[in-house]
Amino acid sequence: MPFNTELTRALGIKVPVVQGGMQWVGYAELASAVSNAGGLGILTALTQPTPEDLRKEIRRCRTMTSSPFGVNLTLLPALVPPDYAAYAQVIIDEGIRIVETAGNSPGPVIKQLKAAGTTILHKCTTIRHAQSAVKLGVDFLSIDGFECAGHVGETDITNFILLSRARQTLGIPFIASGGFADGQGLAAALALGACGINMGTRFMCTVEAPIHANIKQAIVAAQETDTELVLRRWKNTSRLFKNKVSLKAVEVEKSSTTGKFEEVAEYVSGKRGRQVFLNGDKDFGVWTAGQVIGLIHDVPTCEALVKRIETEAVDALRQNQALWVGESGQVPVSETGTVGKNTNNPQAEIWGVGKSKL
Ligand SMILES: Cc1cc2nc3c(=O)[nH]c(=O)nc-3n(C[C@H](O)[C@H](O)[C@H](O)COP(=O)(O)O)c2cc1C
């Protein structure tokens, strides 16, 4: 086990990198590839039309990896909500040990999963929601900064503030999500007190991600400025790829005199967004992407990507330690042996072979 953080220990993974749930992307091909590479791959429950289809997808993923993988269950407002309890029951019955929850009112699902002994990694964009999730008994938090793809929340706080607030206040381990693509980012997250990172957009742009190659190339060609915030008016702000449709949606949203959601509904249709990943036309509908698109320049395999992140992170941690030479040239150790309450100690803990290796 090359890394030794609370996340790697709890999940039995080698590298503290999680592939976040992704609608229409998080299928067995991607989740198994990430898990085989030493991270935590995650299937996205709602990519499956029914709980029984999720059962089949979990079983299919098991044939592709013998390493641990998780399932994401996202609870979003819907006219006809999916049967979340039935999806959760399949997750339990199929022996999934780790679930990424996200979205609104997760209490009942968290209770159901915790009663079966499942480890819960709950994703949220504010410290207030994180604190509520702690009260619900989640095991880890995934702190999603404003940089992230998808639902960014309404407070617009980026990870530099959120992660340190998490370290100062939460009292349970957390991972950093949003804006991560490389090992330097992982090292930075560890230094801020996280015990790992979560990546979405970066994993979309891998060989195994089951989406059209044109979309991966659109990500490679994009800059960090090529995302749009859509649906702010309805307090459901989503960060999407900047294209003809998301620009039109923003225009209608801003100019509408009625403020009726129906006016933008056709532009933000999830069905058209799904087609983008299948037909490769980046302007066919809206699709989710984070500001991290500006840091993505290639389409590696998950194995190569996770290995690269591991190497870069270790180099960054070593180089940073070498920057402090002290009066006597000795590495300092704080009184508590940690860099803050409830954090990992980058000197002693993260690189499993011990302090002398850093
Ligand atoms: C295409 C796509 C679809 C996503 N769908 C979901 C989803 O269904 N549920 C969820 O909790 N997060 C979803 N996310 C968010 C990711 O799990 C993750 O939190 C986010 O991508 C992190 O930001 P990053 O893209 O900068 O790494 C999605 C992200 C992308 C890129």
# chains A, B, ... in the order shown; residues from 1 in each chain; ligands from 1
>>> residues_around(residues="segment 23-39 of chain A", least_positions_apart="5", cutoff="7 Å", atoms="only C-alpha atoms", output="short mmCIF file (atom, residue, chain, number, x, y, z; two decimals) with C-alpha atoms, in the first residue's frame")
data_model
loop_
_atom_site.label_atom_id
_atom_site.label_comp_id
_atom_site.auth_asym_id
_atom_site.auth_seq_id
_atom_site.Cartn_x
_atom_site.Cartn_y
_atom_site.Cartn_z
CA ILE A 13 -7.03 1.11 -1.93
CA LYS A 14 -3.46 1.99 -2.91
CA VAL A 15 -3.76 5.58 -4.10
CA PRO A 16 -6.12 8.06 -2.38
CA VAL A 17 -7.93 8.96 -5.60
CA VAL A 18 -11.69 8.47 -6.03
CA THR A 44 -23.37 5.73 -10.87
CA LEU A 46 -28.96 6.35 -11.75
CA THR A 47 -27.27 5.58 -15.08
CA GLU A 57 -24.10 -3.55 -13.56
CA ARG A 60 -20.69 -6.93 -14.48
CA CYS A 61 -18.18 -4.68 -12.72
CA MET A 64 -13.89 -6.75 -14.52
CA THR A 65 -12.09 -6.10 -11.23
CA SER A 67 -10.49 -4.60 -6.29
CA PRO A 68 -12.99 -2.62 -4.20
CA PHE A 69 -15.36 -0.29 -6.03
CA GLU A 208 -11.79 3.63 -20.58
CA ALA A 209 -14.44 6.33 -20.07
CA PRO A 210 -17.34 5.02 -22.17
CA ILE A 211 -18.07 8.28 -24.01
CA ARG A 274 -26.80 12.02 -22.81
CA CYS A 302 -6.73 5.02 -15.97
CA GLU A 303 -3.68 2.93 -15.07
CA VAL A 306 -3.28 7.04 -11.50
#
>>> residues_around(residues="Ala85 of chain A", least_positions_apart="5", cutoff="9 Å", atoms="only C-alpha atoms", output="MDAnalysis selection string")
chainID A and resid 90 108:109 112
>>> residues_near_ligand(ligand="ligand 1", cutoff="8 Å", atoms="only C-alpha atoms and all ligand atoms", output="number ranges by chain")
A: 19-26, 44, 46-47, 72-74, 100-103, 123, 144-145, 147-151, 177-181, 198-204, 287-293
>>> write_last_selection(atoms="N, CA and C atoms", output="compact mmCIF listing (two decimals), in the first residue's frame")
# COMPACT_ATOMS: atom_id res chain seq x y z
N GLN A 19 -12.88 8.16 -8.10
CA GLN A 19 -13.57 8.61 -9.32
C GLN A 19 -15.02 8.88 -8.93
N GLY A 20 -15.40 10.15 -8.94
CA GLY A 20 -16.74 10.53 -8.48
C GLY A 20 -17.83 10.00 -9.40
N GLY A 21 -19.04 9.88 -8.84
CA GLY A 21 -20.19 9.46 -9.63
C GLY A 21 -20.40 10.38 -10.82
N MET A 22 -20.70 9.81 -11.97
CA MET A 22 -20.94 10.64 -13.17
C MET A 22 -22.08 10.05 -13.99
N GLN A 23 -23.15 10.84 -14.10
CA GLN A 23 -24.30 10.37 -14.85
C GLN A 23 -23.93 10.16 -16.32
N TRP A 24 -24.26 9.01 -16.86
CA TRP A 24 -23.99 8.58 -18.24
C TRP A 24 -22.52 8.34 -18.54
N VAL A 25 -21.70 8.34 -17.50
CA VAL A 25 -20.26 8.05 -17.68
C VAL A 25 -19.83 6.93 -16.72
N GLY A 26 -20.43 6.92 -15.53
CA GLY A 26 -19.98 6.00 -14.48
C GLY A 26 -20.49 4.58 -14.64
N THR A 44 -22.34 4.73 -11.15
CA THR A 44 -23.37 5.73 -10.87
C THR A 44 -24.73 5.06 -10.97
N LEU A 46 -27.84 5.88 -10.91
CA LEU A 46 -28.96 6.35 -11.75
C LEU A 46 -28.66 6.32 -13.25
N THR A 47 -27.47 5.85 -13.64
CA THR A 47 -27.27 5.58 -15.08
C THR A 47 -28.05 4.31 -15.45
N ASN A 72 -22.36 5.37 -6.55
CA ASN A 72 -22.87 6.71 -6.23
C ASN A 72 -24.39 6.69 -6.28
N LEU A 73 -25.00 7.29 -5.26
CA LEU A 73 -26.45 7.45 -5.26
C LEU A 73 -26.73 8.95 -5.08
N THR A 74 -27.26 9.56 -6.14
CA THR A 74 -27.49 11.02 -6.14
C THR A 74 -28.97 11.30 -5.98
N GLU A 100 -21.02 6.51 -2.36
CA GLU A 100 -20.92 7.97 -2.42
C GLU A 100 -22.35 8.51 -2.53
N THR A 101 -22.78 9.25 -1.50
CA THR A 101 -24.10 9.87 -1.56
C THR A 101 -23.92 11.34 -1.92
N ALA A 102 -24.94 11.90 -2.57
CA ALA A 102 -24.90 13.32 -2.94
C ALA A 102 -26.33 13.79 -3.11
N GLY A 103 -26.53 15.11 -2.94
CA GLY A 103 -27.85 15.66 -3.22
C GLY A 103 -28.65 15.99 -1.97
N LYS A 123 -20.97 13.68 -0.44
CA LYS A 123 -20.42 14.83 -1.16
C LYS A 123 -21.28 16.06 -0.92
N ASP A 144 -16.80 19.44 -2.18
CA ASP A 144 -16.83 19.79 -3.60
C ASP A 144 -16.77 21.32 -3.73
N GLY A 145 -15.61 21.83 -4.12
CA GLY A 145 -15.42 23.28 -4.25
C GLY A 145 -16.15 23.83 -5.48
N GLU A 147 -15.11 25.07 -8.02
CA GLU A 147 -14.47 24.73 -9.30
C GLU A 147 -15.11 23.53 -9.97
N CYS A 148 -15.85 22.75 -9.18
CA CYS A 148 -16.22 21.41 -9.61
C CYS A 148 -17.19 21.38 -10.78
N ALA A 149 -17.27 20.22 -11.39
CA ALA A 149 -18.27 19.97 -12.44
C ALA A 149 -19.61 19.70 -11.80
N GLY A 150 -20.68 20.09 -12.47
CA GLY A 150 -22.01 19.73 -12.00
C GLY A 150 -22.55 20.69 -10.96
N HIS A 151 -23.23 20.15 -9.96
CA HIS A 151 -23.92 20.99 -8.97
C HIS A 151 -22.91 21.65 -8.04
N SER A 177 -12.64 17.57 -3.52
CA SER A 177 -13.25 17.30 -4.83
C SER A 177 -13.42 18.60 -5.60
N GLY A 178 -13.16 18.56 -6.89
CA GLY A 178 -13.35 19.74 -7.72
C GLY A 178 -12.04 20.42 -8.05
N GLY A 179 -11.65 20.32 -9.32
CA GLY A 179 -10.44 21.01 -9.75
C GLY A 179 -9.18 20.18 -9.71
N PHE A 180 -9.30 18.86 -9.48
CA PHE A 180 -8.10 18.02 -9.37
C PHE A 180 -7.88 17.20 -10.64
N ALA A 181 -6.61 17.19 -11.07
CA ALA A 181 -6.27 16.45 -12.28
C ALA A 181 -4.89 15.82 -12.20
N ASN A 198 -11.10 13.52 -5.02
CA ASN A 198 -12.13 12.97 -5.89
C ASN A 198 -12.02 13.69 -7.23
N MET A 199 -12.07 12.93 -8.33
CA MET A 199 -12.00 13.56 -9.65
C MET A 199 -13.16 13.06 -10.52
N GLY A 200 -13.76 13.99 -11.25
CA GLY A 200 -14.79 13.62 -12.20
C GLY A 200 -14.30 13.86 -13.61
N THR A 201 -14.20 15.14 -13.99
CA THR A 201 -13.87 15.51 -15.37
C THR A 201 -12.58 14.81 -15.85
N ARG A 202 -11.56 14.74 -14.99
CA ARG A 202 -10.28 14.13 -15.42
C ARG A 202 -10.52 12.66 -15.83
N PHE A 203 -11.37 11.96 -15.10
CA PHE A 203 -11.61 10.55 -15.46
C PHE A 203 -12.51 10.40 -16.69
N MET A 204 -13.28 11.46 -17.01
CA MET A 204 -14.05 11.41 -18.27
C MET A 204 -13.12 11.34 -19.47
N TRP A 287 -23.74 19.40 -21.27
CA TRP A 287 -23.05 18.30 -20.57
C TRP A 287 -22.12 18.89 -19.52
N THR A 288 -21.88 18.08 -18.52
CA THR A 288 -21.20 18.53 -17.31
C THR A 288 -19.68 18.49 -17.47
N ALA A 289 -19.03 19.55 -17.02
CA ALA A 289 -17.55 19.57 -17.00
C ALA A 289 -17.12 20.63 -15.99
N GLY A 290 -15.93 20.44 -15.40
CA GLY A 290 -15.42 21.38 -14.41
C GLY A 290 -14.34 22.28 -14.98
N GLN A 291 -13.98 23.30 -14.19
CA GLN A 291 -12.93 24.23 -14.64
C GLN A 291 -11.60 23.52 -14.88
N VAL A 292 -11.48 22.33 -14.32
CA VAL A 292 -10.25 21.55 -14.45
C VAL A 292 -9.98 21.16 -15.92
N ILE A 293 -10.94 21.35 -16.81
CA ILE A 293 -10.69 21.08 -18.24
C ILE A 293 -9.45 21.83 -18.72
>>> closest_residue(among="A:Val299, A:Ile58, A:Leu190, A:Leu76", to="Ala213 of chain A", atoms="only C-alpha atoms")
A:Val299
>>> select_by_dssp(residues="segment 64-120 of chain A", states="alpha helix (DSSP H)", output="list in words")
Met64, Tyr84, Ala85, Ala86, Tyr87, Ala88, Gln89, Val90, Ile91, Ile92, Asp93, Gly107, Pro108, Val109, Ile110, Lys111, Gln112, Leu113, Lys114 and Ala115 of chain A
>>> write_last_selection(atoms="C-alpha atoms", output="mmCIF file, in the first residue's frame")
data_model
loop_
_atom_site.group_PDB
_atom_site.id
_atom_site.type_symbol
_atom_site.label_atom_id
_atom_site.label_comp_id
_atom_site.auth_asym_id
_atom_site.auth_seq_id
_atom_site.Cartn_x
_atom_site.Cartn_y
_atom_site.Cartn_z
ATOM 1 C CA MET A 64 -13.886 -6.750 -14.519
ATOM 2 C CA TYR A 84 -33.937 5.486 -3.925
ATOM 3 C CA ALA A 85 -34.689 2.951 -1.190
ATOM 4 C CA ALA A 86 -34.842 0.160 -3.784
ATOM 5 C CA TYR A 87 -31.513 1.247 -5.357
ATOM 6 C CA ALA A 88 -29.975 1.349 -1.853
ATOM 7 C CA GLN A 89 -31.303 -2.136 -1.106
ATOM 8 C CA VAL A 90 -29.669 -3.549 -4.232
ATOM 9 C CA ILE A 91 -26.392 -1.888 -3.203
ATOM 10 C CA ILE A 92 -26.674 -3.558 0.209
ATOM 11 C CA ASP A 93 -27.739 -6.937 -1.181
ATOM 12 C CA GLY A 107 -31.010 11.176 5.658
ATOM 13 C CA PRO A 108 -33.253 8.156 4.973
ATOM 14 C CA VAL A 109 -30.871 6.595 2.442
ATOM 15 C CA ILE A 110 -27.853 7.154 4.689
ATOM 16 C CA LYS A 111 -29.740 5.557 7.583
ATOM 17 C CA GLN A 112 -30.662 2.547 5.438
ATOM 18 C CA LEU A 113 -27.090 2.078 4.187
ATOM 19 C CA LYS A 114 -25.459 2.656 7.580
ATOM 20 C CA ALA A 115 -27.755 0.065 9.182
#
>>> atom_distance(atom1="atom CA of Lys260 of chain A", atom2="atom CA of Val230 of chain A")
14.2 Å
>>> residues_around(residues="Thr227 of chain A", least_positions_apart="2", cutoff="6 Å", atoms="only C-alpha atoms", output="PyMOL selection string")
chain A and resi 225+240-242
>>> write_last_selection(atoms="N, CA and C atoms", output="mmCIF file, in the first residue's frame")
data_model
loop_
_atom_site.group_PDB
_atom_site.id
_atom_site.type_symbol
_atom_site.label_atom_id
_atom_site.label_comp_id
_atom_site.auth_asym_id
_atom_site.auth_seq_id
_atom_site.Cartn_x
_atom_site.Cartn_y
_atom_site.Cartn_z
ATOM 1 N N THR A 225 -11.569 28.517 -18.775
ATOM 2 C CA THR A 225 -12.662 29.495 -18.891
ATOM 3 C C THR A 225 -13.861 28.943 -19.673
ATOM 4 N N LEU A 240 -21.454 23.596 -16.408
ATOM 5 C CA LEU A 240 -21.544 22.795 -17.627
ATOM 6 C C LEU A 240 -20.492 23.257 -18.633
ATOM 7 N N PHE A 241 -20.226 22.406 -19.601
ATOM 8 C CA PHE A 241 -19.302 22.779 -20.675
ATOM 9 C C PHE A 241 -19.904 23.949 -21.457
ATOM 10 N N LYS A 242 -19.041 24.924 -21.794
ATOM 11 C CA LYS A 242 -19.528 26.071 -22.579
ATOM 12 C C LYS A 242 -19.696 25.651 -24.032
#
>>> closest_residue(among="A:Pro173, A:Ala133, A:Glu251, A:Thr5", to="Glu228 of chain A", atoms="only C-alpha atoms")
A:Glu251
>>> atom_distance(atom1="atom CA of Ala116 of chain A", atom2="atom CA of Ile96 of chain A")
10.1 Å
>>> residues_around(residues="His297 of chain A", least_positions_apart="5", cutoff="10 Å", atoms="only C-alpha atoms", output="list in words")
Arg202, Cys205, Lys216, Gln217, Ile219, Val220, Ala221, Ala222 and Gln223 of chain A
>>> atom_distance(atom1="atom CA of Thr258 of chain A", atom2="atom CA of Ser246 of chain A")
19.4 Å
>>> residues_around(residues="Thr301 of chain A", least_positions_apart="4", cutoff="7 Å", atoms="only C-alpha atoms", output="PDB file with N, CA and C atoms, in the first residue's frame")
ATOM      1  N   THR A 206     -10.370   9.726 -20.133  1.00  0.00           N
ATOM      2  CA  THR A 206      -9.450   8.576 -20.116  1.00  0.00           C
ATOM      3  C   THR A 206      -9.903   7.594 -21.199  1.00  0.00           C
ATOM      4  N   VAL A 207      -9.011   6.690 -21.549  1.00  0.00           N
ATOM      5  CA  VAL A 207      -9.315   5.704 -22.592  1.00  0.00           C
ATOM      6  C   VAL A 207     -10.575   4.921 -22.238  1.00  0.00           C
ATOM      7  N   GLU A 208     -10.694   4.535 -20.959  1.00  0.00           N
ATOM      8  CA  GLU A 208     -11.786   3.625 -20.583  1.00  0.00           C
ATOM      9  C   GLU A 208     -13.131   4.322 -20.386  1.00  0.00           C
ATOM     10  N   LEU A 305      -2.823   7.166 -15.745  1.00  0.00           N
ATOM     11  CA  LEU A 305      -3.176   8.410 -15.045  1.00  0.00           C
ATOM     12  C   LEU A 305      -2.942   8.286 -13.538  1.00  0.00           C
TER      13      LEU A 305
END
